[in-house]
$ cat structure05.cif   # mmCIF, C-alpha atoms
data_protein
#
loop_
_atom_site.group_PDB
_atom_site.id
_atom_site.type_symbol
_atom_site.label_atom_id
_atom_site.label_comp_id
_atom_site.auth_asym_id
_atom_site.auth_seq_id
_atom_site.Cartn_x
_atom_site.Cartn_y
_atom_site.Cartn_z
ATOM 1 C CA MET A 1 -61.783 -1.552 52.514
ATOM 2 C CA VAL A 2 -59.325 1.251 51.998
ATOM 3 C CA MET A 3 -60.121 2.937 55.344
ATOM 4 C CA PHE A 4 -60.062 -0.368 57.231
ATOM 5 C CA HIS A 5 -56.705 -1.278 55.700
ATOM 6 C CA ALA A 6 -55.238 2.117 56.630
ATOM 7 C CA LYS A 7 -56.406 1.820 60.251
ATOM 8 C CA THR A 8 -54.941 -1.661 60.541
ATOM 9 C CA GLN A 9 -51.614 -0.428 59.223
ATOM 10 C CA ARG A 10 -51.681 2.504 61.661
ATOM 11 C CA SER A 11 -52.230 0.231 64.639
ATOM 12 C CA LYS A 12 -49.403 -2.085 63.707
ATOM 13 C CA ALA A 13 -46.982 0.748 63.113
ATOM 14 C CA ALA A 14 -47.665 2.691 66.265
ATOM 15 C CA LYS A 15 -44.343 1.762 67.787
ATOM 16 C CA LEU A 16 -42.188 1.994 64.600
ATOM 17 C CA PRO A 17 -39.608 4.752 64.171
ATOM 18 C CA GLU A 18 -40.689 7.953 62.487
ATOM 19 C CA VAL A 19 -38.668 7.156 59.332
ATOM 20 C CA ILE A 20 -40.650 3.965 58.753
ATOM 21 C CA LEU A 21 -43.874 5.865 59.502
ATOM 22 C CA ALA A 22 -42.923 8.369 56.822
ATOM 23 C CA ILE A 23 -42.406 5.534 54.361
ATOM 24 C CA LEU A 24 -45.709 4.001 55.294
ATOM 25 C CA SER A 25 -47.363 7.352 54.738
ATOM 26 C CA VAL A 26 -46.237 7.152 51.099
ATOM 27 C CA PHE A 27 -47.972 3.819 50.796
ATOM 28 C CA ARG A 28 -51.019 5.242 52.615
ATOM 29 C CA ASN A 29 -51.333 8.174 50.225
ATOM 30 C CA MET A 30 -51.195 5.759 47.233
ATOM 31 C CA LYS A 31 -48.507 7.842 45.494
ATOM 32 C CA PHE A 32 -45.969 5.038 45.531
ATOM 33 C CA ARG A 33 -47.418 3.322 42.480
ATOM 34 C CA ALA A 34 -47.094 6.444 40.321
ATOM 35 C CA TRP A 35 -43.579 7.136 41.606
ATOM 36 C CA ALA A 36 -42.467 3.543 41.030
ATOM 37 C CA THR A 37 -43.922 3.621 37.526
ATOM 38 C CA ARG A 38 -41.941 6.750 36.670
ATOM 39 C CA VAL A 39 -38.716 5.262 38.045
ATOM 40 C CA LEU A 40 -39.318 2.058 36.103
ATOM 41 C CA LEU A 41 -39.916 3.980 32.857
ATOM 42 C CA ILE A 42 -36.744 6.043 33.349
ATOM 43 C CA PHE A 43 -34.763 2.868 34.013
ATOM 44 C CA LEU A 44 -36.134 1.199 30.876
ATOM 45 C CA VAL A 45 -35.279 4.254 28.730
ATOM 46 C CA LEU A 46 -31.714 4.352 30.048
ATOM 47 C CA ALA A 47 -31.330 0.612 29.543
ATOM 48 C CA ALA A 48 -32.564 0.931 25.972
ATOM 49 C CA LEU A 49 -30.072 3.727 25.271
ATOM 50 C CA ILE A 50 -27.197 1.672 26.685
ATOM 51 C CA VAL A 51 -28.153 -1.368 24.600
ATOM 52 C CA THR A 52 -28.472 0.778 21.455
ATOM 53 C CA LEU A 53 -25.038 2.324 21.960
ATOM 54 C CA PHE A 54 -23.489 -1.083 22.636
ATOM 55 C CA ILE A 55 -25.006 -2.644 19.502
ATOM 56 C CA GLY A 56 -23.984 0.350 17.391
ATOM 57 C CA GLY A 57 -20.407 0.120 18.635
ATOM 58 C CA ALA A 58 -20.307 -3.605 17.959
ATOM 59 C CA ARG A 59 -21.491 -3.136 14.384
ATOM 60 C CA GLN A 60 -18.859 -0.513 13.609
ATOM 61 C CA PRO A 61 -15.661 -2.248 12.366
ATOM 62 C CA GLN A 62 -12.620 -1.852 14.553
ATOM 63 C CA ASN A 63 -10.232 -1.266 11.657
ATOM 64 C CA GLN A 64 -12.198 -0.382 8.562
ATOM 65 C CA THR A 65 -10.214 -1.171 5.424
ATOM 66 C CA ASN A 66 -10.917 0.765 2.259
ATOM 67 C CA SER A 67 -10.563 -1.088 -1.014
ATOM 68 C CA ARG A 68 -8.003 1.572 -1.802
ATOM 69 C CA ASN A 69 -5.771 0.117 0.880
ATOM 70 C CA SER A 70 -2.632 1.815 2.103
ATOM 71 C CA LEU A 71 0.441 -0.402 1.986
ATOM 72 C CA ASP A 72 0.112 -4.024 0.982
ATOM 73 C CA LYS A 73 2.703 -5.991 2.966
ATOM 74 C CA SER A 74 3.883 -7.650 -0.233
ATOM 75 C CA TRP A 75 5.473 -4.358 -1.290
ATOM 76 C CA ASN A 76 7.835 -4.485 1.693
ATOM 77 C CA GLN A 77 9.811 -7.115 -0.220
ATOM 78 C CA TYR A 78 9.915 -4.899 -3.263
ATOM 79 C CA LEU A 79 11.983 -1.757 -3.116
ATOM 80 C CA PRO A 80 13.469 -0.235 0.042
ATOM 81 C CA SER A 81 12.351 2.932 1.720
ATOM 82 C CA GLN A 82 13.496 5.227 -0.993
ATOM 83 C CA LEU A 83 15.794 7.843 0.481
ATOM 84 C CA GLN A 84 16.710 5.950 3.602
ATOM 85 C CA SER A 85 18.142 3.069 1.619
ATOM 86 C CA VAL A 86 20.392 5.427 -0.307
ATOM 87 C CA LEU A 87 21.661 7.174 2.792
ATOM 88 C CA THR A 88 22.609 3.917 4.454
ATOM 89 C CA ILE A 89 24.559 2.148 1.737
ATOM 90 C CA LYS A 90 26.568 0.068 4.122
ATOM 91 C CA LYS A 91 26.990 -3.641 4.133
ATOM 92 C CA LYS A 92 24.449 -4.964 6.617
ATOM 93 C CA GLU A 93 24.114 -8.497 7.850
ATOM 94 C CA LYS A 94 20.607 -9.676 7.063
ATOM 95 C CA ILE A 95 18.659 -11.148 9.939
ATOM 96 C CA PHE A 96 16.142 -13.805 8.981
ATOM 97 C CA THR A 97 13.391 -15.051 11.275
ATOM 98 C CA PRO A 98 12.336 -18.680 10.785
ATOM 99 C CA SER A 99 8.692 -19.210 9.944
ATOM 100 C CA PRO A 100 6.852 -20.901 12.811
ATOM 101 C CA ALA A 101 4.502 -22.536 10.297
ATOM 102 C CA ASN A 102 7.223 -24.494 8.501
ATOM 103 C CA ASN A 103 10.602 -24.822 10.141
ATOM 104 C CA HIS A 104 12.060 -26.773 7.222
ATOM 105 C CA GLN A 105 11.136 -24.470 4.371
ATOM 106 C CA ILE A 106 13.945 -23.445 2.018
ATOM 107 C CA ASN A 107 13.527 -20.071 0.335
ATOM 108 C CA LEU A 108 15.446 -18.319 -2.411
ATOM 109 C CA VAL A 109 16.216 -14.661 -1.752
ATOM 110 C CA TYR A 110 18.134 -11.977 -3.578
ATOM 111 C CA THR A 111 20.987 -10.360 -1.694
ATOM 112 C CA THR A 112 23.204 -7.534 -2.867
ATOM 113 C CA THR A 113 26.891 -8.057 -3.615
ATOM 114 C CA LYS A 114 30.157 -6.294 -2.850
ATOM 115 C CA GLU A 115 30.009 -4.816 -6.345
ATOM 116 C CA PHE A 116 26.686 -3.257 -5.436
ATOM 117 C CA SER A 117 28.070 -1.697 -2.252
ATOM 118 C CA LYS A 118 30.841 -0.002 -4.238
ATOM 119 C CA TYR A 119 28.384 1.853 -6.462
ATOM 120 C CA GLN A 120 26.693 4.897 -4.965
ATOM 121 C CA PRO A 121 24.649 6.990 -7.398
ATOM 122 C CA ASP A 122 23.434 10.503 -6.741
ATOM 123 C CA PHE A 123 19.759 10.892 -6.034
ATOM 124 C CA LYS A 124 17.034 13.506 -5.920
ATOM 125 C CA GLN A 125 13.418 13.520 -4.860
ATOM 126 C CA PHE A 126 10.455 15.470 -6.215
ATOM 127 C CA ARG A 127 6.828 15.525 -5.167
ATOM 128 C CA VAL A 128 4.200 14.497 -7.713
ATOM 129 C CA ASP A 129 0.755 16.087 -7.800
ATOM 130 C CA PRO A 130 -1.766 13.729 -6.132
ATOM 131 C CA SER A 131 -3.948 13.738 -9.259
ATOM 132 C CA ASN A 132 -1.211 11.819 -11.079
ATOM 133 C CA TYR A 133 -0.966 8.803 -8.776
ATOM 134 C CA GLY A 134 -3.124 6.854 -6.330
ATOM 135 C CA ASP A 135 -3.350 4.037 -3.818
ATOM 136 C CA ARG A 136 -2.809 0.392 -4.611
ATOM 137 C CA TYR A 137 -6.096 -1.512 -4.433
ATOM 138 C CA THR A 138 -6.702 -4.737 -2.534
ATOM 139 C CA VAL A 139 -9.784 -5.608 -4.623
ATOM 140 C CA ASP A 140 -10.778 -4.905 -8.229
ATOM 141 C CA ILE A 141 -13.966 -3.176 -9.404
ATOM 142 C CA HIS A 142 -15.867 -6.455 -8.956
ATOM 143 C CA GLY A 143 -14.732 -6.846 -5.349
ATOM 144 C CA LEU A 144 -12.387 -9.727 -6.122
ATOM 145 C CA PRO A 145 -9.216 -9.813 -3.954
ATOM 146 C CA LEU A 146 -5.913 -8.946 -5.624
ATOM 147 C CA ASN A 147 -2.649 -10.728 -4.889
ATOM 148 C CA ASN A 148 -0.484 -10.154 -7.953
ATOM 149 C CA GLN A 149 3.241 -10.343 -7.429
ATOM 150 C CA ALA A 150 5.138 -7.173 -8.215
ATOM 151 C CA ILE A 151 6.551 -6.461 -11.654
ATOM 152 C CA ILE A 152 8.941 -3.746 -12.834
ATOM 153 C CA VAL A 153 8.107 -1.870 -16.032
ATOM 154 C CA LEU A 154 10.880 0.005 -17.840
ATOM 155 C CA HIS A 155 10.119 3.216 -19.769
ATOM 156 C CA GLU A 156 11.827 6.206 -21.306
ATOM 157 C CA THR A 157 10.837 9.828 -20.876
ATOM 158 C CA SER A 158 10.727 10.824 -24.621
ATOM 159 C CA ASN A 159 12.028 14.233 -23.516
ATOM 160 C CA SER A 160 14.166 15.735 -20.758
ATOM 161 C CA VAL A 161 13.796 14.758 -17.110
ATOM 162 C CA SER A 162 12.759 18.294 -16.178
ATOM 163 C CA SER A 163 9.969 18.164 -18.760
ATOM 164 C CA ALA A 164 8.641 14.896 -17.293
ATOM 165 C CA ILE A 165 8.797 16.200 -13.711
ATOM 166 C CA ASN A 166 6.952 19.393 -14.679
ATOM 167 C CA PHE A 167 4.175 17.303 -16.217
ATOM 168 C CA PHE A 168 3.890 15.061 -13.159
ATOM 169 C CA GLN A 169 3.742 18.070 -10.838
ATOM 170 C CA THR A 170 0.915 19.649 -12.848
ATOM 171 C CA PRO A 171 -2.627 18.797 -11.658
ATOM 172 C CA HIS A 172 -4.699 16.915 -14.251
ATOM 173 C CA ASP A 173 -8.451 16.500 -13.857
ATOM 174 C CA ASP A 174 -8.712 14.448 -17.036
ATOM 175 C CA GLU A 175 -8.056 10.826 -16.038
ATOM 176 C CA SER A 176 -6.923 9.989 -19.559
ATOM 177 C CA VAL A 177 -3.858 12.242 -19.282
ATOM 178 C CA GLN A 178 -2.847 11.572 -15.683
ATOM 179 C CA ALA A 179 0.620 9.990 -15.640
ATOM 180 C CA SER A 180 3.646 9.360 -13.448
ATOM 181 C CA TYR A 181 6.615 7.090 -12.742
ATOM 182 C CA HIS A 182 7.978 5.833 -9.475
ATOM 183 C CA ALA A 183 11.521 6.816 -10.486
ATOM 184 C CA ILE A 184 13.581 8.218 -13.348
ATOM 185 C CA ILE A 185 17.248 7.578 -14.151
ATOM 186 C CA THR A 186 18.894 10.649 -15.677
ATOM 187 C CA LEU A 187 21.574 10.593 -18.381
ATOM 188 C CA GLN A 188 24.151 11.181 -15.638
ATOM 189 C CA GLY A 189 22.860 8.209 -13.638
ATOM 190 C CA THR A 190 21.074 10.224 -10.945
ATOM 191 C CA VAL A 191 18.165 8.355 -9.408
ATOM 192 C CA VAL A 192 15.138 10.652 -9.244
ATOM 193 C CA TYR A 193 12.516 9.403 -6.780
ATOM 194 C CA LEU A 194 8.949 10.462 -7.565
ATOM 195 C CA VAL A 195 5.960 8.328 -6.497
ATOM 196 C CA PRO A 196 6.552 6.206 -3.358
ATOM 197 C CA PRO A 197 6.708 2.463 -4.139
ATOM 198 C CA GLU A 198 3.669 1.675 -1.999
ATOM 199 C CA LYS A 199 1.571 3.983 -4.177
ATOM 200 C CA ARG A 200 0.180 3.287 -7.661
ATOM 201 C CA ALA A 201 1.925 5.313 -10.359
ATOM 202 C CA PHE A 202 -0.001 5.853 -13.588
ATOM 203 C CA GLY A 203 2.729 4.551 -15.876
ATOM 204 C CA ALA A 204 0.735 2.379 -18.275
ATOM 205 C CA GLY A 205 -2.732 2.619 -19.792
ATOM 206 C CA ASN A 206 -4.448 -0.407 -21.300
ATOM 207 C CA SER A 207 -1.857 -3.051 -20.440
ATOM 208 C CA VAL A 208 -1.279 -6.688 -19.440
ATOM 209 C CA PHE A 209 1.668 -8.705 -18.199
ATOM 210 C CA LYS A 210 2.164 -12.156 -19.689
ATOM 211 C CA GLY A 211 4.250 -14.418 -17.476
ATOM 212 C CA VAL A 212 4.366 -17.883 -15.984
ATOM 213 C CA ASN A 213 1.105 -17.157 -14.139
ATOM 214 C CA GLY A 214 -0.683 -16.326 -17.387
ATOM 215 C CA VAL A 215 -2.129 -12.965 -18.367
ATOM 216 C CA GLU A 216 -2.207 -10.501 -15.473
ATOM 217 C CA THR A 217 -4.068 -7.204 -15.422
ATOM 218 C CA VAL A 218 -6.308 -5.343 -12.960
ATOM 219 C CA GLN A 219 -9.211 -2.974 -13.519
ATOM 220 C CA THR A 220 -9.571 -0.494 -10.671
ATOM 221 C CA ASN A 221 -11.537 2.211 -12.474
ATOM 222 C CA PRO A 222 -14.752 1.395 -14.386
ATOM 223 C CA SER A 223 -14.105 4.358 -16.671
ATOM 224 C CA LEU A 224 -10.659 3.134 -17.747
ATOM 225 C CA PRO A 225 -9.387 -0.142 -19.240
ATOM 226 C CA PRO A 226 -7.501 -2.616 -17.018
ATOM 227 C CA SER A 227 -3.770 -2.162 -16.546
ATOM 228 C CA VAL A 228 -0.703 -3.439 -14.721
ATOM 229 C CA ASN A 229 -0.391 -0.287 -12.603
ATOM 230 C CA ASN A 230 -1.787 -1.847 -9.442
ATOM 231 C CA PHE A 231 1.141 -4.286 -9.163
ATOM 232 C CA ALA A 232 3.816 -2.465 -11.169
ATOM 233 C CA TYR A 233 6.821 -0.351 -10.236
ATOM 234 C CA HIS A 234 7.493 2.062 -13.106
ATOM 235 C CA VAL A 235 11.078 3.155 -13.791
ATOM 236 C CA SER A 236 11.956 5.418 -16.693
ATOM 237 C CA LEU A 237 15.251 6.176 -18.392
ATOM 238 C CA GLU A 238 15.860 9.708 -19.611
ATOM 239 C CA THR A 239 15.742 9.761 -23.398
ATOM 240 C CA PRO A 240 18.990 10.952 -25.064
ATOM 241 C CA PRO A 241 18.790 14.495 -26.495
ATOM 242 C CA ASP A 242 18.936 13.327 -30.120
ATOM 243 C CA ALA A 243 15.443 11.831 -29.694
ATOM 244 C CA TRP A 244 13.772 14.480 -27.532
ATOM 245 C CA GLY A 245 10.274 15.235 -28.768
ATOM 246 C CA LYS A 246 10.581 12.929 -31.782
ATOM 247 C CA ASN A 247 7.796 10.512 -32.578
ATOM 248 C CA ASN A 248 7.631 7.573 -34.957
ATOM 249 C CA ILE A 249 11.283 6.654 -34.587
ATOM 250 C CA ASP A 250 12.462 3.105 -34.023
ATOM 251 C CA GLN A 251 15.878 3.830 -32.483
ATOM 252 C CA HIS A 252 18.149 6.501 -31.030
ATOM 253 C CA SER A 253 21.680 6.829 -29.703
ATOM 254 C CA GLY A 254 20.903 4.726 -26.615
ATOM 255 C CA TYR A 255 21.463 5.116 -22.899
ATOM 256 C CA THR A 256 24.600 5.909 -20.959
ATOM 257 C CA GLN A 257 26.580 3.407 -18.927
ATOM 258 C CA ALA A 258 25.680 5.421 -15.832
ATOM 259 C CA GLN A 259 22.000 4.860 -16.591
ATOM 260 C CA TYR A 260 22.448 1.090 -16.838
ATOM 261 C CA ASP A 261 24.472 1.068 -13.641
ATOM 262 C CA SER A 262 21.948 3.104 -11.648
ATOM 263 C CA LEU A 263 18.990 1.186 -13.036
ATOM 264 C CA ALA A 264 20.605 -2.102 -12.008
ATOM 265 C CA TRP A 265 21.513 -0.629 -8.608
ATOM 266 C CA LEU A 266 17.903 0.397 -7.989
ATOM 267 C CA ILE A 267 16.361 -2.915 -9.029
ATOM 268 C CA ALA A 268 19.019 -4.988 -7.253
ATOM 269 C CA GLN A 269 17.459 -3.901 -3.961
ATOM 270 C CA SER A 270 14.178 -5.632 -4.790
ATOM 271 C CA GLN A 271 13.001 -9.225 -4.659
ATOM 272 C CA VAL A 272 11.415 -8.963 -8.119
ATOM 273 C CA PRO A 273 12.767 -11.831 -10.255
ATOM 274 C CA ASP A 274 14.268 -11.342 -13.710
ATOM 275 C CA ASP A 275 11.245 -12.801 -15.472
ATOM 276 C CA ARG A 276 8.977 -10.137 -13.949
ATOM 277 C CA ILE A 277 11.072 -7.247 -15.240
ATOM 278 C CA THR A 278 9.458 -6.041 -18.442
ATOM 279 C CA THR A 279 9.055 -2.986 -20.693
ATOM 280 C CA HIS A 280 6.292 -0.552 -21.556
ATOM 281 C CA ARG A 281 6.397 -1.921 -25.078
ATOM 282 C CA ALA A 282 5.786 -5.479 -23.880
ATOM 283 C CA VAL A 283 2.786 -4.679 -21.649
ATOM 284 C CA ASP A 284 1.009 -2.229 -23.979
ATOM 285 C CA VAL A 285 -2.148 -3.827 -25.384
ATOM 286 C CA ALA A 286 -2.586 -1.394 -28.269
ATOM 287 C CA GLY A 287 0.955 -2.038 -29.489
ATOM 288 C CA LYS A 288 1.666 1.672 -29.899
ATOM 289 C CA LYS A 289 4.266 2.056 -27.139
ATOM 290 C CA VAL A 290 7.851 1.322 -28.161
ATOM 291 C CA ASP A 291 9.813 2.406 -25.117
ATOM 292 C CA PRO A 292 12.451 2.033 -24.012
ATOM 293 C CA LEU A 293 13.957 2.340 -27.493
ATOM 294 C CA SER A 294 17.462 0.995 -28.147
ATOM 295 C CA PHE A 295 17.536 -0.705 -24.745
ATOM 296 C CA ASP A 296 20.360 -3.201 -24.357
ATOM 297 C CA SER A 297 18.775 -5.873 -22.170
ATOM 298 C CA SER A 298 21.943 -8.003 -22.149
ATOM 299 C CA LYS A 299 23.985 -5.119 -20.750
ATOM 300 C CA PHE A 300 21.344 -4.380 -18.152
ATOM 301 C CA PHE A 301 20.939 -7.937 -16.865
ATOM 302 C CA LYS A 302 24.692 -8.469 -16.776
ATOM 303 C CA LYS A 303 25.029 -5.448 -14.509
ATOM 304 C CA LEU A 304 22.000 -6.475 -12.442
ATOM 305 C CA HIS A 305 23.457 -9.940 -11.830
ATOM 306 C CA SER A 306 26.704 -8.373 -10.683
ATOM 307 C CA PHE A 307 24.754 -6.313 -8.140
ATOM 308 C CA ARG A 308 22.581 -9.102 -6.720
ATOM 309 C CA GLN A 309 22.633 -12.864 -6.460
ATOM 310 C CA PHE A 310 20.404 -15.692 -5.340
ATOM 311 C CA LYS A 311 20.950 -17.237 -1.946
ATOM 312 C CA THR A 312 19.065 -20.012 -0.237
ATOM 313 C CA PHE A 313 17.609 -19.457 3.188
ATOM 314 C CA ASN A 314 16.899 -22.553 5.260
ATOM 315 C CA ASN A 315 14.317 -21.898 7.952
ATOM 316 C CA ALA A 316 15.319 -25.043 9.835
ATOM 317 C CA ASN A 317 18.712 -23.722 10.935
ATOM 318 C CA ASN A 318 18.347 -20.030 10.042
ATOM 319 C CA ASN A 319 21.275 -20.251 7.638
ATOM 320 C CA VAL A 320 21.855 -18.391 4.398
ATOM 321 C CA SER A 321 24.048 -19.923 1.722
ATOM 322 C CA GLU A 322 24.886 -19.141 -1.857
#
$ encode --input "structure05.cif" --output "structure tokens"
Amino acid sequence: MVMFHAKTQRSKAAKLPEVILAILSVFRNMKFRAWATRVLLIFLVLAALIVTLFIGGARQPQNQTNSRNSLDKSWNQYLPSQLQSVLTIKKKEKIFTPSPANNHQINLVYTTTKEFSKYQPDFKQFRVDPSNYGDRYTVDIHGLPLNNQAIIVLHETSNSVSSAINFFQTPHDDESVQASYHAIITLQGTVVYLVPPEKRAFGAGNSVFKGVNGVETVQTNPSLPPSVNNFAYHVSLETPPDAWGKNNIDQHSGYTQAQYDSLAWLIAQSQVPDDRITTHRAVDVAGKKVDPLSFDSSKFFKKLHSFRQFKTFNNANNNVSE
């Protein structure tokens, strides 16, 4: 059968061009099947590789988000970009963009006053060792999402500013002693910027905030108790020299007018309401923290209210009114 088939093919192809004859010779020699099989196998291997790469790329997230997220957008409403805000203390007209979701929504916003623009404190900035602060988390240790509104916690240094800065700049492997503030107000009223506001300063240990939303606290480390650090901005006042290094005291000479002015100036730039401004003493669960000692809250809030005021913002007509 094979010989007869080959002769028949030869007779039919007698007048075909040489190229076709060459092709037919491949068929005649029965090597085409092996060649085609190899080509088919190579094609299948390449196809499999392409599919594997495509599936692998599809499974890999486009923008992988670590639970230790970078900047939560909610902190944009909080405190300004630290140094830039100080360098541009000029009265700026605020531009508000209406929300497309609700064109008739009326919001309350804090805006700074003329009194605020007249006050310009000195400032400094120091780097804190990375062991003494961290990222703000978007989920707790159980994987539950976090959406706490920001609070401000007031402290005092218990010693000089330079002593506090030296401690914050020293690496600490022991998590129980790691500590930092976002800012310190010196006795002269200088604003010392330390940990950026979008980062988590280690200003409070076992702590909770009790407000209109109930008890708020977040556990981000299974080895440590929950705290307010994940949603807190920590500001400390420099302790007056008569109380430096002294423990177990219930009062001291108090803070300078410049400290109250600069503290109010700093907080006036945020959208944190009065009822979410608290103290280390108030949030401490153990009840051992007493700072800031001799703090005159009436004096502070009076100055704060002179530096900022509520205004209503109507999305319907893009107007701001007092």
$ atom_distance --input "structure05.cif" --atom1 "atom CA of A:Thr278" --atom2 "atom CA of A:Val153"
5.0 Å
$ residues_around --input "structure05.cif" --residues "A:Ala164" --least-positions-apart "2" --cutoff "10 Å" --atoms "only C-alpha atoms" --output "mmCIF file with C-alpha atoms, keeping the file's coordinate frame"
data_model
loop_
_atom_site.group_PDB
_atom_site.id
_atom_site.type_symbol
_atom_site.label_atom_id
_atom_site.label_comp_id
_atom_site.auth_asym_id
_atom_site.auth_seq_id
_atom_site.Cartn_x
_atom_site.Cartn_y
_atom_site.Cartn_z
ATOM 1 C CA THR A 157 10.837 9.828 -20.876
ATOM 2 C CA SER A 158 10.727 10.824 -24.621
ATOM 3 C CA ASN A 159 12.028 14.233 -23.516
ATOM 4 C CA SER A 160 14.166 15.735 -20.758
ATOM 5 C CA VAL A 161 13.796 14.758 -17.110
ATOM 6 C CA SER A 162 12.759 18.294 -16.178
ATOM 7 C CA ASN A 166 6.952 19.393 -14.679
ATOM 8 C CA PHE A 167 4.175 17.303 -16.217
ATOM 9 C CA PHE A 168 3.890 15.061 -13.159
ATOM 10 C CA GLN A 169 3.742 18.070 -10.838
ATOM 11 C CA ALA A 179 0.620 9.990 -15.640
ATOM 12 C CA SER A 180 3.646 9.360 -13.448
ATOM 13 C CA TYR A 181 6.615 7.090 -12.742
ATOM 14 C CA ILE A 184 13.581 8.218 -13.348
ATOM 15 C CA GLU A 238 15.860 9.708 -19.611
#
$ atom_distance --input "structure05.cif" --atom1 "atom CA of A:Val283" --atom2 "atom CA of A:Val208"
5.0 Å
$ resolve_selection --input "structure05.cif" --expression "the PyMOL selection byres ((chain A and resi 205) around 10)" --output "CSV table (one decimal) with C-alpha atoms, in the frame of the given file"
chain,number,residue,atom,x,y,z
A,176,SER,CA,-6.9,10.0,-19.6
A,177,VAL,CA,-3.9,12.2,-19.3
A,178,GLN,CA,-2.8,11.6,-15.7
A,179,ALA,CA,0.6,10.0,-15.6
A,202,PHE,CA,0.0,5.9,-13.6
A,203,GLY,CA,2.7,4.6,-15.9
A,204,ALA,CA,0.7,2.4,-18.3
A,206,ASN,CA,-4.4,-0.4,-21.3
A,207,SER,CA,-1.9,-3.1,-20.4
A,208,VAL,CA,-1.3,-6.7,-19.4
A,224,LEU,CA,-10.7,3.1,-17.7
A,225,PRO,CA,-9.4,-0.1,-19.2
A,226,PRO,CA,-7.5,-2.6,-17.0
A,227,SER,CA,-3.8,-2.2,-16.5
A,228,VAL,CA,-0.7,-3.4,-14.7
A,229,ASN,CA,-0.4,-0.3,-12.6
A,280,HIS,CA,6.3,-0.6,-21.6
A,283,VAL,CA,2.8,-4.7,-21.6
A,284,ASP,CA,1.0,-2.2,-24.0
A,285,VAL,CA,-2.1,-3.8,-25.4
A,286,ALA,CA,-2.6,-1.4,-28.3
$ closest_residue --input "structure05.cif" --among "A:Gly254, A:Ile141, A:Ala201, A:Asn148" --to "A:Val215" --atoms "all atoms listed in the file"
A:Asn148
$ closest_residue --input "structure05.cif" --among "A:Tyr255, A:Trp265, A:Gln120, A:Phe307" --to "A:Ala243" --atoms "only C-alpha atoms"
A:Tyr255
$ closest_residue --input "structure05.cif" --among "A:Ser270, A:His182, A:Ser253, A:His155" --to "A:Asp291" --atoms "all atoms listed in the file"
A:His155
$ atom_distance --input "structure05.cif" --atom1 "atom CA of A:Tyr193" --atom2 "atom CA of A:Leu263"
12.2 Å
$ closest_residue --input "structure05.cif" --among "A:Ala183, A:Phe310, A:Val109, A:Gly211" --to "A:Leu154" --atoms "all atoms listed in the file"
A:Ala183
$ resolve_selection --input "structure05.cif" --expression "the PyMOL selection byres ((chain A and resi 275) around 10)" --output "list in words"
Ile151, Ile152, Gly211, Val212, Val272, Pro273, Asp274, Arg276, Ile277 and Thr278 of chain A
$ residues_around --input "structure05.cif" --residues "A:Ser297" --least-positions-apart "5" --cutoff "10 Å" --atoms "all atoms listed in the file" --output "mmCIF file with C-alpha atoms, in the frame of the given file"
data_model
loop_
_atom_site.group_PDB
_atom_site.id
_atom_site.type_symbol
_atom_site.label_atom_id
_atom_site.label_comp_id
_atom_site.auth_asym_id
_atom_site.auth_seq_id
_atom_site.Cartn_x
_atom_site.Cartn_y
_atom_site.Cartn_z
ATOM 1 C CA TYR A 260 22.448 1.090 -16.838
ATOM 2 C CA LYS A 302 24.692 -8.469 -16.776
ATOM 3 C CA LYS A 303 25.029 -5.448 -14.509
#
$ resolve_selection --input "structure05.cif" --expression "the PyMOL selection byres ((chain A and resi 127) around 8)" --output "MDAnalysis selection string"
chainID A and resid 125:126 128:129 169 194:195
$ axis_aligned_box --input "structure05.cif" --around "stretch 247-258 of chain A" --padding-each-side "6 Å" --output "JSON"
{"center_x": 17.1, "center_y": 6.8, "center_z": -25.4, "size_x": 30.9, "size_y": 19.4, "size_z": 31.1}
